[in-house]
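**Student:** Contents of entry13.cif (mmCIF, C-alpha atoms, pLDDT in the B column; chains and numbers go by the auth columns):
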```
data_target
loop_
_atom_site.group_PDB
_atom_site.id
_atom_site.type_symbol
_atom_site.label_atom_id
_atom_site.label_comp_id
_atom_site.label_asym_id
_atom_site.label_seq_id
_atom_site.Cartn_x
_atom_site.Cartn_y
_atom_site.Cartn_z
_atom_site.B_iso_or_equiv
_atom_site.auth_seq_id
_atom_site.auth_asym_id
ATOM 1 C CA MET A 1 86.068 111.661 155.992 71.00 169 S
ATOM 2 C CA THR A 2 87.007 110.141 152.668 77.00 170 S
ATOM 3 C CA THR A 3 88.338 112.377 149.926 94.00 171 S
ATOM 4 C CA PRO A 4 86.032 111.862 146.929 97.00 172 S
ATOM 5 C CA TYR A 5 87.558 109.642 144.278 97.00 173 S
ATOM 6 C CA PHE A 6 86.557 107.862 141.087 97.00 174 S
ATOM 7 C CA HIS A 7 86.529 104.058 141.343 97.00 175 S
ATOM 8 C CA PRO A 8 87.110 102.835 137.765 96.00 176 S
ATOM 9 C CA ASP A 9 86.008 99.222 138.275 97.00 177 S
ATOM 10 C CA SER A 10 82.521 100.238 139.419 97.00 178 S
ATOM 11 C CA LYS A 11 82.467 103.512 137.441 97.00 179 S
ATOM 12 C CA THR A 12 81.336 105.392 140.566 97.00 180 S
ATOM 13 C CA VAL A 13 82.454 108.409 142.524 98.00 181 S
ATOM 14 C CA ARG A 14 82.841 107.397 146.155 97.00 182 S
ATOM 15 C CA PHE A 15 82.655 109.963 148.931 98.00 183 S
ATOM 16 C CA SER A 16 81.493 110.492 152.495 97.00 184 S
ATOM 17 C CA VAL A 17 78.993 112.875 154.086 97.00 185 S
ATOM 18 C CA LEU A 18 78.911 113.987 157.710 96.00 186 S
ATOM 19 C CA ILE A 19 75.593 113.130 159.333 96.00 187 S
ATOM 20 C CA ASP A 20 75.226 113.831 163.034 94.00 188 S
ATOM 21 C CA GLY A 21 79.014 114.173 163.222 94.00 189 S
ATOM 22 C CA GLN A 22 79.642 110.740 161.680 95.00 190 S
ATOM 23 C CA PRO A 23 80.949 110.069 158.169 96.00 191 S
ATOM 24 C CA VAL A 24 78.526 108.076 156.019 97.00 192 S
ATOM 25 C CA GLY A 25 79.836 106.509 152.822 97.00 193 S
ATOM 26 C CA GLY A 26 78.081 107.201 149.570 97.00 194 S
ATOM 27 C CA SER A 27 78.543 106.630 145.882 98.00 195 S
ATOM 28 C CA ILE A 28 77.058 107.809 142.633 98.00 196 S
ATOM 29 C CA SER A 29 77.590 106.280 139.221 97.00 197 S
ATOM 30 C CA GLN A 30 79.268 108.050 136.361 95.00 198 S
ATOM 31 C CA ALA A 31 76.097 107.475 134.310 94.00 199 S
ATOM 32 C CA THR A 32 73.854 109.063 136.955 95.00 200 S
ATOM 33 C CA LEU A 33 76.154 112.088 137.166 95.00 201 S
ATOM 34 C CA HIS A 34 76.096 112.432 133.388 92.00 202 S
ATOM 35 C CA TYR A 35 72.351 112.028 132.819 92.00 203 S
ATOM 36 C CA ARG A 36 71.291 114.147 135.806 93.00 204 S
ATOM 37 C CA PHE A 37 73.730 117.025 135.574 92.00 205 S
ATOM 38 C CA ARG A 38 75.428 117.116 132.149 88.00 206 S
ATOM 39 C CA PRO A 39 73.369 115.159 129.601 84.00 207 S
ATOM 40 C CA SER A 40 74.751 117.044 126.596 88.00 208 S
ATOM 41 C CA ALA A 41 78.403 116.887 127.682 83.00 209 S
ATOM 42 C CA VAL A 42 80.925 114.634 126.005 86.00 210 S
ATOM 43 C CA ALA A 43 83.707 112.882 127.937 85.00 211 S
ATOM 44 C CA GLU A 44 83.158 114.897 131.117 88.00 212 S
ATOM 45 C CA ASP A 45 85.157 114.180 134.259 94.00 213 S
ATOM 46 C CA PRO A 46 82.871 112.495 136.839 95.00 214 S
ATOM 47 C CA LEU A 47 84.835 113.982 139.761 96.00 215 S
ATOM 48 C CA GLU A 48 84.429 117.463 138.301 95.00 216 S
ATOM 49 C CA THR A 49 80.682 116.935 137.870 95.00 217 S
ATOM 50 C CA TYR A 50 80.423 115.544 141.414 97.00 218 S
ATOM 51 C CA SER A 51 82.326 118.526 142.844 96.00 219 S
ATOM 52 C CA ALA A 52 80.118 121.025 141.010 96.00 220 S
ATOM 53 C CA HIS A 53 76.985 119.414 142.488 96.00 221 S
ATOM 54 C CA ALA A 54 78.294 118.037 145.796 97.00 222 S
ATOM 55 C CA HIS A 55 75.811 120.012 147.906 96.00 223 S
ATOM 56 C CA GLU A 56 72.804 118.521 146.079 95.00 224 S
ATOM 57 C CA ILE A 57 74.377 115.037 146.118 97.00 225 S
ATOM 58 C CA HIS A 58 75.121 115.219 149.858 96.00 226 S
ATOM 59 C CA ASP A 59 71.561 116.423 150.544 96.00 227 S
ATOM 60 C CA ALA A 60 70.261 113.365 148.679 96.00 228 S
ATOM 61 C CA VAL A 61 72.406 111.073 150.867 97.00 229 S
ATOM 62 C CA ARG A 62 71.048 112.784 153.992 96.00 230 S
ATOM 63 C CA ARG A 63 67.450 112.271 152.756 95.00 231 S
ATOM 64 C CA ARG A 64 68.094 108.593 152.013 96.00 232 S
ATOM 65 C CA VAL A 65 69.624 108.021 155.483 97.00 233 S
ATOM 66 C CA ALA A 66 66.682 109.834 157.099 96.00 234 S
ATOM 67 C CA GLU A 67 64.391 107.428 155.202 95.00 235 S
ATOM 68 C CA GLY A 68 66.271 104.452 156.639 96.00 236 S
ATOM 69 C CA ALA A 69 68.968 103.695 154.055 95.00 237 S
ATOM 70 C CA LEU A 70 72.054 101.968 155.392 93.00 238 S
ATOM 71 C CA GLU A 71 75.639 102.757 154.520 92.00 239 S
ATOM 72 C CA PRO A 72 77.006 102.796 151.893 94.00 240 S
ATOM 73 C CA VAL A 73 74.299 104.854 150.196 97.00 241 S
ATOM 74 C CA MET A 74 74.259 104.342 146.426 97.00 242 S
ATOM 75 C CA LEU A 75 72.433 107.252 144.840 97.00 243 S
ATOM 76 C CA ARG A 76 70.218 106.725 141.811 94.00 244 S
ATOM 77 C CA GLU A 77 68.817 109.245 139.353 91.00 245 S
ATOM 78 C CA TYR A 78 65.499 109.035 141.199 91.00 246 S
ATOM 79 C CA ASP A 79 67.183 110.348 144.385 93.00 247 S
ATOM 80 C CA LEU A 80 68.253 113.510 142.555 91.00 248 S
ATOM 81 C CA ARG A 81 65.031 114.435 140.785 81.00 249 S
ATOM 82 C CA GLU A 82 63.568 117.851 141.370 67.00 250 S
ATOM 83 C CA ARG A 83 61.486 117.669 144.526 58.00 251 S
ATOM 84 C CA GLN A 84 57.892 118.846 144.229 46.00 252 S
ATOM 85 C CA ALA A 85 56.567 121.247 146.867 47.00 253 S
ATOM 86 C CA THR A 86 53.650 119.709 148.752 46.00 254 S
#
```
Translate the structure described by the file into structure tokens.
**Tutor:**
Amino acid sequence: MTTPYFHPDSKTVRFSVLIDGQPVGGSISQATLHYRFRPSAVAEDPLETYSAHAHEIHDAVRRRVAEGALEPVMLREYDLRERQAT
């Protein structure tokens, strides 16, 4: 498993999620973290925001893989929207 870290060149947090016992790489942009989780914050730390919402972020990676996404899974705001009950 990869320890989550911020990659400054791509402005993403990179991490891994265990799925069926195998690590799957994922990433989420600093902008997505900001707009989804802390839209009114100023100069927030993307790793701190990721850590506070890791469970929801990891669930989104698992959903994307279940839908057929290949590694590395780049999450978008759409992947983190509130899910409607059907």
**Student:** From the set S:Arg182, S:Glu245, S:Gly189, S:Arg231, which residue has the shortest atom-to-atom contact distance to His202 (chain S), counting all atoms listed in the file?
**Tutor:**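 Distance minimum relative to His202 (chain S) lands on S:Glu245.
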**Student:** Provide the CA of Ser184 (chain S) to CA of Thr170 (chain S) distance in Å, to one decimal place.
**Tutor:**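 Computing it gives 5.5 Å between the two atoms.
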**Student:** For the provided coordinates, the residues matched by the PyMOL selection byres ((chain S and resi 217) around 12) should be stated as a PDB file with C-alpha atoms, keeping the file's coordinate frame.
**Tutor:**
```pdb
ATOM      1  CA  PRO S 172      86.032 111.862 146.929  1.00 97.00           C
ATOM      2  CA  TYR S 173      87.558 109.642 144.278  1.00 97.00           C
ATOM      3  CA  PHE S 174      86.557 107.862 141.087  1.00 97.00           C
ATOM      4  CA  THR S 180      81.336 105.392 140.566  1.00 97.00           C
ATOM      5  CA  VAL S 181      82.454 108.409 142.524  1.00 98.00           C
ATOM      6  CA  ILE S 196      77.058 107.809 142.633  1.00 98.00           C
ATOM      7  CA  SER S 197      77.590 106.280 139.221  1.00 97.00           C
ATOM      8  CA  GLN S 198      79.268 108.050 136.361  1.00 95.00           C
ATOM      9  CA  ALA S 199      76.097 107.475 134.310  1.00 94.00           C
ATOM     10  CA  THR S 200      73.854 109.063 136.955  1.00 95.00           C
ATOM     11  CA  LEU S 201      76.154 112.088 137.166  1.00 95.00           C
ATOM     12  CA  HIS S 202      76.096 112.432 133.388  1.00 92.00           C
ATOM     13  CA  TYR S 203      72.351 112.028 132.819  1.00 92.00           C
ATOM     14  CA  ARG S 204      71.291 114.147 135.806  1.00 93.00           C
ATOM     15  CA  PHE S 205      73.730 117.025 135.574  1.00 92.00           C
ATOM     16  CA  ARG S 206      75.428 117.116 132.149  1.00 88.00           C
ATOM     17  CA  PRO S 207      73.369 115.159 129.601  1.00 84.00           C
ATOM     18  CA  ALA S 209      78.403 116.887 127.682  1.00 83.00           C
ATOM     19  CA  ALA S 211      83.707 112.882 127.937  1.00 85.00           C
ATOM     20  CA  GLU S 212      83.158 114.897 131.117  1.00 88.00           C
ATOM     21  CA  ASP S 213      85.157 114.180 134.259  1.00 94.00           C
ATOM     22  CA  PRO S 214      82.871 112.495 136.839  1.00 95.00           C
ATOM     23  CA  LEU S 215      84.835 113.982 139.761  1.00 96.00           C
ATOM     24  CA  GLU S 216      84.429 117.463 138.301  1.00 95.00           C
ATOM     25  CA  TYR S 218      80.423 115.544 141.414  1.00 97.00           C
ATOM     26  CA  SER S 219      82.326 118.526 142.844  1.00 96.00           C
ATOM     27  CA  ALA S 220      80.118 121.025 141.010  1.00 96.00           C
ATOM     28  CA  HIS S 221      76.985 119.414 142.488  1.00 96.00           C
ATOM     29  CA  ALA S 222      78.294 118.037 145.796  1.00 97.00           C
ATOM     30  CA  HIS S 223      75.811 120.012 147.906  1.00 96.00           C
ATOM     31  CA  GLU S 224      72.804 118.521 146.079  1.00 95.00           C
ATOM     32  CA  ILE S 225      74.377 115.037 146.118  1.00 97.00           C
TER      33      ILE S 225
END
```
**Student:** In Å, with one decimal, what is the gap from CA of Val241 (chain S) to CA of Ser195 (chain S)?
**Tutor:**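 A separation of 6.3 Å between them.
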**Student:** Tell me, in Å to one decimal, how far CA of Val229 (chain S) is from CA of Gly193 (chain S).
**Tutor:**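 Here the two named atoms are 8.9 Å from each other.
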**Student:** Counting all atoms listed in the file, which residues come within 10 Å of (68.4, 111.2, 149.9), with the point read in the file's coordinates, and could you list them as a VMD selection string?
**Tutor:** chain S and resid 224 to 237 241 to 244 246 to 248
**Student:** Region 180-195 of chain S, all listed atoms, 8 Å padding on each side: what axis-aligned box centre and edge lengths in Å to one decimal come out, as AutoDock Vina command-line options?
**Tutor:**
```
--center_x 79.0 --center_y 109.8 --center_z 151.9 --size_x 23.6 --size_y 24.8 --size_z 38.7
```
**Student:** Given the choices S:Glu239, S:Arg249, S:Ser208, S:Val185, which gets closest to Met169 (chain S) if the distance is worked out from only C-alpha atoms?
**Tutor:** S:Val185
